[in-house]
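Asks: Sending over coords_31.pdb (PDB, C-alpha atoms, pLDDT in the B column).
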```pdb
ATOM      1  CA  MET F  15     -23.818  -0.202  -4.329  1.00 40.00           C
ATOM      2  CA  GLN F  16     -20.504  -0.393  -6.151  1.00 41.00           C
ATOM      3  CA  ALA F  17     -20.845   3.202  -7.383  1.00 43.00           C
ATOM      4  CA  LYS F  18     -21.502   4.399  -3.817  1.00 42.00           C
ATOM      5  CA  ASN F  19     -18.441   2.579  -2.532  1.00 43.00           C
ATOM      6  CA  SER F  20     -16.329   4.099  -5.303  1.00 40.00           C
ATOM      7  CA  THR F  21     -17.502   7.604  -4.429  1.00 42.00           C
ATOM      8  CA  ALA F  22     -16.826   7.011  -0.744  1.00 41.00           C
ATOM      9  CA  LYS F  23     -13.304   5.841  -1.521  1.00 39.00           C
ATOM     10  CA  GLN F  24     -12.666   8.956  -3.624  1.00 46.00           C
ATOM     11  CA  LYS F  25     -13.832  11.223  -0.815  1.00 44.00           C
ATOM     12  CA  ALA F  26     -11.761   9.338   1.741  1.00 41.00           C
ATOM     13  CA  THR F  27      -8.686   9.623  -0.450  1.00 47.00           C
ATOM     14  CA  ARG F  28      -9.231  13.344  -0.804  1.00 49.00           C
ATOM     15  CA  LYS F  29      -9.542  13.829   2.945  1.00 46.00           C
ATOM     16  CA  THR F  30      -6.234  12.110   3.636  1.00 47.00           C
ATOM     17  CA  GLY F  31      -4.406  14.749   1.601  1.00 57.00           C
ATOM     18  CA  ARG F  32      -2.648  12.013  -0.381  1.00 61.00           C
ATOM     19  CA  PRO F  33      -4.144  12.079  -3.889  1.00 60.00           C
ATOM     20  CA  SER F  34      -3.699   9.028  -6.059  1.00 64.00           C
ATOM     21  CA  PHE F  35      -1.583   9.094  -9.200  1.00 51.00           C
ATOM     22  CA  THR F  36      -4.747   9.467 -11.271  1.00 68.00           C
ATOM     23  CA  GLU F  37      -6.025  12.334  -9.111  1.00 74.00           C
ATOM     24  CA  SER F  38      -2.682  14.131  -9.294  1.00 81.00           C
ATOM     25  CA  GLY F  39      -2.728  13.798 -13.054  1.00 87.00           C
ATOM     26  CA  ARG F  40      -6.254  15.188 -13.239  1.00 89.00           C
ATOM     27  CA  ARG F  41      -5.326  18.159 -11.045  1.00 92.00           C
ATOM     28  CA  ALA F  42      -2.337  18.903 -13.269  1.00 93.00           C
ATOM     29  CA  GLN F  43      -4.574  18.658 -16.340  1.00 94.00           C
ATOM     30  CA  ILE F  44      -7.035  21.158 -14.872  1.00 95.00           C
ATOM     31  CA  VAL F  45      -4.270  23.564 -13.845  1.00 95.00           C
ATOM     32  CA  ALA F  46      -2.740  23.432 -17.333  1.00 95.00           C
ATOM     33  CA  ALA F  47      -6.113  24.148 -18.899  1.00 96.00           C
ATOM     34  CA  ALA F  48      -6.721  27.035 -16.475  1.00 95.00           C
ATOM     35  CA  ILE F  49      -3.353  28.562 -17.379  1.00 95.00           C
ATOM     36  CA  ASP F  50      -4.176  28.497 -21.091  1.00 95.00           C
ATOM     37  CA  VAL F  51      -7.710  29.856 -20.653  1.00 95.00           C
ATOM     38  CA  ILE F  52      -6.651  32.684 -18.325  1.00 93.00           C
ATOM     39  CA  ALA F  53      -3.807  33.663 -20.646  1.00 90.00           C
ATOM     40  CA  GLU F  54      -6.089  33.712 -23.682  1.00 90.00           C
ATOM     41  CA  ILE F  55      -9.299  35.343 -22.422  1.00 91.00           C
ATOM     42  CA  GLY F  56      -8.385  36.887 -19.066  1.00 89.00           C
ATOM     43  CA  TYR F  57      -8.957  36.213 -15.381  1.00 88.00           C
ATOM     44  CA  HIS F  58     -12.601  37.283 -15.147  1.00 89.00           C
ATOM     45  CA  ARG F  59     -13.780  35.399 -18.240  1.00 91.00           C
ATOM     46  CA  ALA F  60     -12.001  32.163 -17.282  1.00 92.00           C
ATOM     47  CA  SER F  61     -15.056  30.285 -16.022  1.00 92.00           C
ATOM     48  CA  PHE F  62     -15.079  26.690 -14.840  1.00 94.00           C
ATOM     49  CA  ALA F  63     -17.086  25.862 -17.952  1.00 94.00           C
ATOM     50  CA  LYS F  64     -14.373  27.161 -20.262  1.00 95.00           C
ATOM     51  CA  ILE F  65     -11.622  25.499 -18.239  1.00 95.00           C
ATOM     52  CA  ALA F  66     -13.487  22.180 -18.226  1.00 94.00           C
ATOM     53  CA  GLU F  67     -13.964  22.421 -21.984  1.00 94.00           C
ATOM     54  CA  ARG F  68     -10.253  23.099 -22.543  1.00 94.00           C
ATOM     55  CA  ALA F  69      -9.319  20.209 -20.252  1.00 93.00           C
ATOM     56  CA  GLY F  70     -11.693  17.867 -22.067  1.00 93.00           C
ATOM     57  CA  LEU F  71     -13.787  17.228 -18.960  1.00 91.00           C
ATOM     58  CA  SER F  72     -17.411  16.145 -19.122  1.00 90.00           C
ATOM     59  CA  SER F  73     -18.544  18.635 -16.490  1.00 90.00           C
ATOM     60  CA  THR F  74     -17.369  21.406 -14.166  1.00 91.00           C
ATOM     61  CA  GLY F  75     -18.033  19.038 -11.281  1.00 91.00           C
ATOM     62  CA  MET F  76     -14.666  17.431 -11.974  1.00 90.00           C
ATOM     63  CA  ILE F  77     -13.000  20.760 -11.183  1.00 93.00           C
ATOM     64  CA  SER F  78     -15.070  21.227  -8.038  1.00 91.00           C
ATOM     65  CA  TYR F  79     -14.075  17.750  -6.874  1.00 91.00           C
ATOM     66  CA  HIS F  80     -10.350  18.511  -7.095  1.00 91.00           C
ATOM     67  CA  PHE F  81     -10.389  22.179  -6.008  1.00 92.00           C
ATOM     68  CA  ASP F  82     -12.280  23.973  -3.252  1.00 89.00           C
ATOM     69  CA  GLY F  83     -13.563  26.723  -5.491  1.00 88.00           C
ATOM     70  CA  ARG F  84     -12.080  29.253  -7.872  1.00 87.00           C
ATOM     71  CA  ASP F  85      -9.629  30.788  -5.391  1.00 84.00           C
ATOM     72  CA  ASP F  86      -8.154  27.376  -4.630  1.00 88.00           C
ATOM     73  CA  LEU F  87      -7.595  26.731  -8.331  1.00 91.00           C
ATOM     74  CA  MET F  88      -6.048  30.173  -8.853  1.00 88.00           C
ATOM     75  CA  ARG F  89      -3.632  29.588  -5.967  1.00 85.00           C
ATOM     76  CA  GLU F  90      -2.624  26.290  -7.528  1.00 90.00           C
ATOM     77  CA  VAL F  91      -1.998  28.020 -10.856  1.00 91.00           C
ATOM     78  CA  VAL F  92       0.283  30.559  -9.127  1.00 87.00           C
ATOM     79  CA  THR F  93       2.090  27.735  -7.304  1.00 88.00           C
ATOM     80  CA  GLU F  94       2.609  25.815 -10.542  1.00 91.00           C
ATOM     81  CA  VAL F  95       3.981  28.845 -12.386  1.00 90.00           C
ATOM     82  CA  MET F  96       6.388  29.587  -9.528  1.00 87.00           C
ATOM     83  CA  ARG F  97       7.506  25.947  -9.461  1.00 91.00           C
ATOM     84  CA  LEU F  98       8.146  26.024 -13.196  1.00 93.00           C
ATOM     85  CA  ALA F  99      10.019  29.331 -12.969  1.00 90.00           C
ATOM     86  CA  ASP F 100      12.287  28.069 -10.185  1.00 91.00           C
ATOM     87  CA  GLY F 101      13.100  24.869 -12.068  1.00 94.00           C
ATOM     88  CA  PHE F 102      13.799  26.810 -15.261  1.00 95.00           C
ATOM     89  CA  VAL F 103      15.905  29.680 -13.918  1.00 94.00           C
ATOM     90  CA  ARG F 104      17.727  28.264 -10.882  1.00 94.00           C
ATOM     91  CA  PRO F 105      19.941  25.761 -12.800  1.00 96.00           C
ATOM     92  CA  ARG F 106      21.031  28.533 -15.143  1.00 96.00           C
ATOM     93  CA  ILE F 107      22.107  30.703 -12.233  1.00 95.00           C
ATOM     94  CA  GLU F 108      23.864  27.896 -10.371  1.00 95.00           C
ATOM     95  CA  ALA F 109      25.840  26.954 -13.502  1.00 96.00           C
ATOM     96  CA  HIS F 110      28.002  30.074 -13.003  1.00 96.00           C
ATOM     97  CA  GLU F 111      30.576  30.983 -10.381  1.00 94.00           C
ATOM     98  CA  SER F 112      30.882  34.760 -10.738  1.00 96.00           C
ATOM     99  CA  TYR F 113      28.203  37.048  -9.345  1.00 96.00           C
ATOM    100  CA  ALA F 114      28.051  39.035 -12.588  1.00 96.00           C
ATOM    101  CA  ALA F 115      27.382  35.898 -14.624  1.00 97.00           C
ATOM    102  CA  ARG F 116      24.747  34.769 -12.125  1.00 96.00           C
ATOM    103  CA  LEU F 117      22.955  38.111 -12.312  1.00 97.00           C
ATOM    104  CA  ARG F 118      22.953  37.948 -16.103  1.00 97.00           C
ATOM    105  CA  ALA F 119      21.654  34.373 -16.044  1.00 97.00           C
ATOM    106  CA  SER F 120      18.843  35.425 -13.702  1.00 96.00           C
ATOM    107  CA  ILE F 121      17.691  38.331 -15.871  1.00 96.00           C
ATOM    108  CA  GLU F 122      17.978  36.516 -19.192  1.00 97.00           C
ATOM    109  CA  GLY F 123      16.547  33.338 -17.678  1.00 95.00           C
ATOM    110  CA  ASN F 124      13.373  35.084 -16.520  1.00 93.00           C
ATOM    111  CA  LEU F 125      12.674  36.415 -19.996  1.00 95.00           C
ATOM    112  CA  ASP F 126      13.729  33.197 -21.715  1.00 95.00           C
ATOM    113  CA  LEU F 127      11.123  31.588 -19.461  1.00 93.00           C
ATOM    114  CA  PHE F 128       8.478  33.894 -20.899  1.00 91.00           C
ATOM    115  CA  ALA F 129       9.588  33.077 -24.434  1.00 93.00           C
ATOM    116  CA  GLU F 130       9.283  29.345 -23.712  1.00 93.00           C
ATOM    117  CA  TYR F 131       6.094  29.480 -21.605  1.00 92.00           C
ATOM    118  CA  PRO F 132       4.220  32.675 -22.545  1.00 89.00           C
ATOM    119  CA  ASN F 133       0.865  31.436 -21.253  1.00 90.00           C
ATOM    120  CA  HIS F 134       2.270  30.685 -17.804  1.00 91.00           C
ATOM    121  CA  LEU F 135       3.599  34.195 -17.326  1.00 83.00           C
ATOM    122  CA  ALA F 136       0.546  35.829 -18.904  1.00 84.00           C
ATOM    123  CA  ALA F 137      -1.727  33.835 -16.592  1.00 88.00           C
ATOM    124  CA  ILE F 138       0.107  34.815 -13.422  1.00 83.00           C
ATOM    125  CA  VAL F 139       0.099  38.482 -14.466  1.00 79.00           C
ATOM    126  CA  GLU F 140      -3.669  38.244 -14.963  1.00 83.00           C
ATOM    127  CA  ILE F 141      -4.254  36.520 -11.632  1.00 82.00           C
ATOM    128  CA  LEU F 142      -2.049  38.797  -9.562  1.00 76.00           C
ATOM    129  CA  GLY F 143      -3.551  41.847 -11.211  1.00 75.00           C
ATOM    130  CA  ASN F 144      -6.997  40.796 -10.026  1.00 78.00           C
ATOM    131  CA  LEU F 145      -6.410  39.284  -6.592  1.00 68.00           C
ATOM    132  CA  ARG F 146      -7.393  41.454  -3.652  1.00 65.00           C
ATOM    133  CA  GLY F 147      -4.726  42.459  -1.188  1.00 59.00           C
ATOM    134  CA  GLU F 148      -6.230  40.366   1.608  1.00 63.00           C
ATOM    135  CA  ASP F 149      -6.801  37.315  -0.597  1.00 63.00           C
ATOM    136  CA  PRO F 150      -4.914  34.264   0.791  1.00 64.00           C
ATOM    137  CA  GLY F 151      -3.419  33.646  -2.640  1.00 59.00           C
ATOM    138  CA  MET F 152      -2.046  37.171  -2.850  1.00 61.00           C
ATOM    139  CA  VAL F 153      -0.735  37.078   0.728  1.00 69.00           C
ATOM    140  CA  ALA F 154       1.045  33.775   0.100  1.00 68.00           C
ATOM    141  CA  PHE F 155       2.494  34.973  -3.195  1.00 67.00           C
ATOM    142  CA  LEU F 156       3.727  38.259  -1.750  1.00 70.00           C
ATOM    143  CA  GLY F 157       5.327  36.428   1.163  1.00 72.00           C
ATOM    144  CA  THR F 158       7.188  34.093  -1.182  1.00 73.00           C
ATOM    145  CA  THR F 159       8.178  36.967  -3.466  1.00 74.00           C
ATOM    146  CA  GLU F 160       9.575  38.997  -0.578  1.00 79.00           C
ATOM    147  CA  ALA F 161      11.535  35.989   0.687  1.00 84.00           C
ATOM    148  CA  ASN F 162      13.006  35.428  -2.784  1.00 83.00           C
ATOM    149  CA  LEU F 163      13.901  39.100  -3.125  1.00 86.00           C
ATOM    150  CA  ALA F 164      15.641  39.028   0.253  1.00 92.00           C
ATOM    151  CA  VAL F 165      17.835  36.156  -0.969  1.00 91.00           C
ATOM    152  CA  GLN F 166      18.653  38.046  -4.172  1.00 93.00           C
ATOM    153  CA  VAL F 167      19.456  41.226  -2.240  1.00 96.00           C
ATOM    154  CA  GLU F 168      21.877  39.257  -0.084  1.00 96.00           C
ATOM    155  CA  GLN F 169      23.568  37.931  -3.234  1.00 95.00           C
ATOM    156  CA  LEU F 170      24.178  41.516  -4.361  1.00 97.00           C
ATOM    157  CA  ARG F 171      25.687  42.314  -0.958  1.00 97.00           C
ATOM    158  CA  LYS F 172      27.985  39.282  -1.204  1.00 97.00           C
ATOM    159  CA  ALA F 173      29.094  40.429  -4.662  1.00 97.00           C
ATOM    160  CA  GLN F 174      29.930  43.849  -3.213  1.00 97.00           C
ATOM    161  CA  ARG F 175      31.878  42.334  -0.314  1.00 97.00           C
ATOM    162  CA  ALA F 176      33.763  40.163  -2.803  1.00 96.00           C
ATOM    163  CA  GLY F 177      34.761  43.299  -4.705  1.00 95.00           C
ATOM    164  CA  GLU F 178      32.937  42.250  -7.866  1.00 96.00           C
ATOM    165  CA  PHE F 179      30.140  44.838  -7.691  1.00 97.00           C
ATOM    166  CA  CYS F 180      30.391  48.573  -7.108  1.00 97.00           C
ATOM    167  CA  ASP F 181      28.783  50.588  -4.321  1.00 96.00           C
ATOM    168  CA  PHE F 182      24.963  50.865  -4.488  1.00 97.00           C
ATOM    169  CA  ASP F 183      21.943  50.079  -2.345  1.00 97.00           C
ATOM    170  CA  PRO F 184      21.302  46.345  -2.985  1.00 97.00           C
ATOM    171  CA  TRP F 185      17.625  46.609  -2.053  1.00 96.00           C
ATOM    172  CA  VAL F 186      17.010  49.476  -4.502  1.00 97.00           C
ATOM    173  CA  MET F 187      18.991  47.741  -7.254  1.00 97.00           C
ATOM    174  CA  MET F 188      17.126  44.456  -6.903  1.00 95.00           C
ATOM    175  CA  ARG F 189      13.766  46.244  -6.918  1.00 93.00           C
ATOM    176  CA  ALA F 190      14.797  48.021 -10.109  1.00 96.00           C
ATOM    177  CA  ILE F 191      15.845  44.738 -11.732  1.00 96.00           C
ATOM    178  CA  ARG F 192      12.585  43.029 -10.746  1.00 90.00           C
ATOM    179  CA  ALA F 193      10.472  45.959 -11.927  1.00 90.00           C
ATOM    180  CA  ALA F 194      12.266  46.054 -15.280  1.00 95.00           C
ATOM    181  CA  ILE F 195      11.707  42.333 -15.871  1.00 91.00           C
ATOM    182  CA  ASP F 196       8.047  42.555 -14.848  1.00 85.00           C
ATOM    183  CA  ASP F 197       7.487  45.519 -17.157  1.00 89.00           C
ATOM    184  CA  VAL F 198       8.834  43.574 -20.147  1.00 91.00           C
ATOM    185  CA  VAL F 199       6.511  40.689 -19.254  1.00 85.00           C
ATOM    186  CA  ARG F 200       3.514  43.026 -19.044  1.00 83.00           C
ATOM    187  CA  ARG F 201       4.328  44.607 -22.380  1.00 89.00           C
ATOM    188  CA  ALA F 202       4.913  41.222 -24.028  1.00 88.00           C
ATOM    189  CA  THR F 203       1.461  39.987 -22.985  1.00 80.00           C
ATOM    190  CA  HIS F 204      -0.029  42.722 -25.193  1.00 81.00           C
ATOM    191  CA  ASP F 205       2.660  42.831 -27.902  1.00 88.00           C
ATOM    192  CA  PRO F 206       3.277  39.390 -29.423  1.00 84.00           C
ATOM    193  CA  ASP F 207       5.929  40.840 -31.729  1.00 92.00           C
ATOM    194  CA  LEU F 208       8.167  41.934 -28.867  1.00 94.00           C
ATOM    195  CA  ASP F 209      11.455  40.009 -28.827  1.00 96.00           C
ATOM    196  CA  VAL F 210      11.619  39.173 -25.132  1.00 95.00           C
ATOM    197  CA  ARG F 211      14.914  37.319 -25.438  1.00 96.00           C
ATOM    198  CA  ALA F 212      16.529  40.426 -26.952  1.00 97.00           C
ATOM    199  CA  ALA F 213      14.955  42.527 -24.207  1.00 97.00           C
ATOM    200  CA  GLY F 214      16.440  40.152 -21.646  1.00 97.00           C
ATOM    201  CA  ARG F 215      19.921  40.533 -23.134  1.00 97.00           C
ATOM    202  CA  GLU F 216      19.599  44.300 -23.188  1.00 98.00           C
ATOM    203  CA  LEU F 217      18.443  44.429 -19.570  1.00 98.00           C
ATOM    204  CA  ALA F 218      21.294  42.130 -18.588  1.00 98.00           C
ATOM    205  CA  ASP F 219      23.771  44.474 -20.300  1.00 98.00           C
ATOM    206  CA  LEU F 220      22.187  47.491 -18.616  1.00 98.00           C
ATOM    207  CA  PHE F 221      22.367  46.058 -15.097  1.00 98.00           C
ATOM    208  CA  ASP F 222      25.818  44.626 -15.697  1.00 97.00           C
ATOM    209  CA  ARG F 223      27.029  48.188 -16.345  1.00 96.00           C
ATOM    210  CA  ALA F 224      25.084  49.462 -13.320  1.00 97.00           C
ATOM    211  CA  THR F 225      26.543  46.920 -10.880  1.00 97.00           C
ATOM    212  CA  ARG F 226      30.028  45.992 -12.077  1.00 94.00           C
ATOM    213  CA  ARG F 227      33.004  47.575 -10.347  1.00 91.00           C
ATOM    214  CA  ALA F 228      35.168  49.595 -12.714  1.00 83.00           C
ATOM    215  CA  SER F 229      38.506  47.943 -13.339  1.00 70.00           C
TER
END
```
What do you get writing this file as structure tokens?

Replies:
Amino acid sequence: MQAKNSTAKQKATRKTGRPSFTESGRRAQIVAAAIDVIAEIGYHRASFAKIAERAGLSSTGMISYHFDGRDDLMREVVTEVMRLADGFVRPRIEAHESYAARLRASIEGNLDLFAEYPNHLAAIVEILGNLRGEDPGMVAFLGTTEANLAVQVEQLRKAQRAGEFCDFDPWVMMRAIRAAIDDVVRRATHDPDLDVRAAGRELADLFDRATRRAS
């Protein structure tokens, strides 16, 4: 009878959308394990069994209790990586006043993030490379990405209006910056000897020359 009551309480807690401290910790544990497994063996081979084993869980049922299937877990992994990236890079950008210094901090910060958390970036590359275009996780990610890019494009426009940056199409420039960073990340996932921090500095130098107004 006690076991049934305990199970009922767990289900009721889950339905309220307010997980307990213990449940939140378990979800975080599963997400962390999923990130490591996906980064190491790939999206398609990252089964619940392997994730449960990495997380030290007794069964895959623990994953199914906390997540409504594989897609739900993958969306949570993407959300966690984006949360980490924002917390890592944003303070570096906001520590500077000039637009040029902020742009440099953004580029170097993204690749410093990969150097510090290689599995997180490798996992999100794997997931996004395998999600279908209509998948809710992909739609949500693309929406967030486009919103973030719009903010960054506006920052380039402000730098131009302030006379700090030269004349160029801010949308094209920001797409080029994002593509260059993403390409380094993709290469680094297959080349462990690549110095991503050095690549970040070189990209920052390159785009500093491309955007800065000649004195």

Asks: Pick the closest to Ala69 in chain F from F:Asp207, F:Asp222, F:Asp50, F:Glu122: which is it, counting all atoms listed in the file?

Replies: F:Asp50

Asks: List every protein, DNA or RNA residue with an atom no more than 9 Å from (-6.9, 30.9, -9.2) in the file's coordinates, counting all atoms listed in the file, and format the result as number ranges by chain.

Replies: F: 48, 57, 83-92, 141, 145, 151

Asks: So how many Å separate CA of Arg68 in chain F and CA of Ala47 in chain F, to one decimal?

Replies: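 Here the two named atoms are 5.6 Å from each other.
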
Asks: Anything within 9 Å of (18.9, 38.6, -15.6): list those residues as JSON, numbers by chain, counting only C-alpha atoms and sticking to the file's coordinates.

Replies: {"F": [115, 116, 117, 118, 119, 120, 121, 122, 123, 124, 125, 191, 195, 214, 215, 217, 218, 219, 221]}

Asks: Going by the chain IDs and residue numbers used in this file, which residues fall under the PyMOL selection byres ((chain F and resi 95) around 9)? Write them as a ChimeraX atom specification.

Replies: /F:49,90-94,96-100,134-135,137-138

Asks: Please, what is the axis-aligned box for every listed atom of range 104-107 of chain F with 8 Å on each side, as centre and edge lengths in Å to one decimal, as lines of an AutoDock Vina configuration file?

Replies:
```
center_x = 19.9
center_y = 28.2
center_z = -13.0
size_x = 20.4
size_y = 20.9
size_z = 20.3
```

Asks: Suppose you want the space between CA of Ala213 in chain F and CA of Val199 in chain F; what is it in Å?

Replies: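 Rounded to one decimal, the two atoms are 10.0 Å apart.
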
Asks: From the list F:Ala173, F:Ala224, F:Val210, F:Thr159, which residue is nearest Val186 in chain F when using only C-alpha atoms?

Replies: F:Ala224

Asks: Give me the result of the PyMOL selection byres ((chain F and resi 204-206) around 12) on this file, residue by residue, as JSON, numbers by chain.

Replies: {"F": [53, 54, 56, 128, 129, 132, 133, 136, 139, 140, 197, 198, 199, 200, 201, 202, 203, 207, 208, 209, 210]}

Asks: So what do you get for CA of Arg104 in chain F versus CA of Arg175 in chain F, distance-wise?

Replies: 22.6 Å

Asks: Which of these residues is nearest to Ala193 in chain F, using only C-alpha atoms: F:Arg59, F:Arg226, F:Leu163, F:Gly70?

Replies: F:Leu163

Asks: Given the file shown, determine the residues that the PyMOL selection byres ((chain F and resi 66) around 10) selects; report them as an mmCIF file with C-alpha atoms, in the frame of the given file.

Replies:
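Printed below is expr-v1.cif as written:
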```
data_model
loop_
_atom_site.group_PDB
_atom_site.id
_atom_site.type_symbol
_atom_site.label_atom_id
_atom_site.label_comp_id
_atom_site.auth_asym_id
_atom_site.auth_seq_id
_atom_site.Cartn_x
_atom_site.Cartn_y
_atom_site.Cartn_z
ATOM 1 C CA GLN F 43 -4.574 18.658 -16.340
ATOM 2 C CA ILE F 44 -7.035 21.158 -14.872
ATOM 3 C CA ALA F 47 -6.113 24.148 -18.899
ATOM 4 C CA ALA F 48 -6.721 27.035 -16.475
ATOM 5 C CA VAL F 51 -7.710 29.856 -20.653
ATOM 6 C CA SER F 61 -15.056 30.285 -16.022
ATOM 7 C CA PHE F 62 -15.079 26.690 -14.840
ATOM 8 C CA ALA F 63 -17.086 25.862 -17.952
ATOM 9 C CA LYS F 64 -14.373 27.161 -20.262
ATOM 10 C CA ILE F 65 -11.622 25.499 -18.239
ATOM 11 C CA GLU F 67 -13.964 22.421 -21.984
ATOM 12 C CA ARG F 68 -10.253 23.099 -22.543
ATOM 13 C CA ALA F 69 -9.319 20.209 -20.252
ATOM 14 C CA GLY F 70 -11.693 17.867 -22.067
ATOM 15 C CA LEU F 71 -13.787 17.228 -18.960
ATOM 16 C CA SER F 72 -17.411 16.145 -19.122
ATOM 17 C CA SER F 73 -18.544 18.635 -16.490
ATOM 18 C CA THR F 74 -17.369 21.406 -14.166
ATOM 19 C CA GLY F 75 -18.033 19.038 -11.281
ATOM 20 C CA MET F 76 -14.666 17.431 -11.974
ATOM 21 C CA ILE F 77 -13.000 20.760 -11.183
#
```

Asks: Restricting the calculation to all atoms listed in the file, which member of F:His58, F:Gly143, F:Ile52, F:Leu220 is positioned closest to Ala194 in chain F?

Replies: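 Of the candidates, the smallest distance to Ala194 in chain F is held by F:Leu220.
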
Asks: Considering only C-alpha atoms, can you say which of F:Phe102, F:Ala114, F:Arg40, F:Asp181 comes closest to Ser78 in chain F?

Replies: F:Arg40

Asks: Using only C-alpha atoms, pick whichever of F:Ala42, F:Ala164, F:Ala212, F:Met188 has the shortest atom-to-atom distance to His80 in chain F.

Replies: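 Selected residue with least distance to His80 in chain F: F:Ala42.
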
Asks: Taking the block above, write range 153-168 of chain F with N, CA, C and O atoms as a CSV table (one decimal), in the first residue's frame.

Replies:
```csv
chain,number,residue,atom,x,y,z
F,153,VAL,N,12.4,23.0,-34.8
F,153,VAL,CA,11.6,24.2,-35.0
F,153,VAL,C,11.9,25.2,-33.9
F,153,VAL,O,12.2,26.4,-34.1
F,154,ALA,N,11.9,24.7,-32.6
F,154,ALA,CA,12.2,25.6,-31.5
F,154,ALA,C,13.6,26.1,-31.5
F,154,ALA,O,13.8,27.3,-31.2
F,155,PHE,N,14.5,25.3,-31.9
F,155,PHE,CA,15.9,25.7,-31.9
F,155,PHE,C,16.1,26.7,-33.0
F,155,PHE,O,16.8,27.8,-32.7
F,156,LEU,N,15.6,26.5,-34.2
F,156,LEU,CA,15.7,27.5,-35.2
F,156,LEU,C,15.1,28.8,-34.9
F,156,LEU,O,15.7,29.9,-35.2
F,157,GLY,N,14.0,28.8,-34.2
F,157,GLY,CA,13.3,30.0,-33.8
F,157,GLY,C,14.2,30.8,-32.9
F,157,GLY,O,14.3,32.0,-33.0
F,158,THR,N,14.8,30.1,-31.9
F,158,THR,CA,15.6,30.8,-30.9
F,158,THR,C,16.9,31.3,-31.6
F,158,THR,O,17.3,32.4,-31.3
F,159,THR,N,17.5,30.5,-32.5
F,159,THR,CA,18.7,30.9,-33.2
F,159,THR,C,18.4,32.1,-34.0
F,159,THR,O,19.2,33.1,-34.0
F,160,GLU,N,17.3,32.2,-34.8
F,160,GLU,CA,17.0,33.3,-35.6
F,160,GLU,C,16.8,34.6,-34.7
F,160,GLU,O,17.2,35.7,-35.1
F,161,ALA,N,16.1,34.4,-33.6
F,161,ALA,CA,15.9,35.5,-32.7
F,161,ALA,C,17.3,36.1,-32.2
F,161,ALA,O,17.5,37.3,-32.1
F,162,ASN,N,18.2,35.2,-31.8
F,162,ASN,CA,19.5,35.6,-31.3
F,162,ASN,C,20.3,36.3,-32.4
F,162,ASN,O,21.0,37.3,-32.2
F,163,LEU,N,20.2,35.7,-33.7
F,163,LEU,CA,20.9,36.4,-34.8
F,163,LEU,C,20.4,37.8,-35.1
F,163,LEU,O,21.1,38.7,-35.4
F,164,ALA,N,19.1,37.9,-34.9
F,164,ALA,CA,18.5,39.3,-35.1
F,164,ALA,C,19.0,40.3,-34.2
F,164,ALA,O,19.3,41.4,-34.5
F,165,VAL,N,19.2,39.9,-32.9
F,165,VAL,CA,19.8,40.7,-31.9
F,165,VAL,C,21.2,41.1,-32.3
F,165,VAL,O,21.6,42.3,-32.2
F,166,GLN,N,22.0,40.1,-32.7
F,166,GLN,CA,23.4,40.3,-33.1
F,166,GLN,C,23.5,41.2,-34.3
F,166,GLN,O,24.4,42.1,-34.4
F,167,VAL,N,22.6,41.0,-35.3
F,167,VAL,CA,22.6,41.9,-36.4
F,167,VAL,C,22.3,43.3,-36.0
F,167,VAL,O,23.0,44.3,-36.6
F,168,GLU,N,21.4,43.5,-35.1
F,168,GLU,CA,21.1,44.9,-34.7
F,168,GLU,C,22.3,45.5,-34.0
F,168,GLU,O,22.6,46.7,-34.1
```
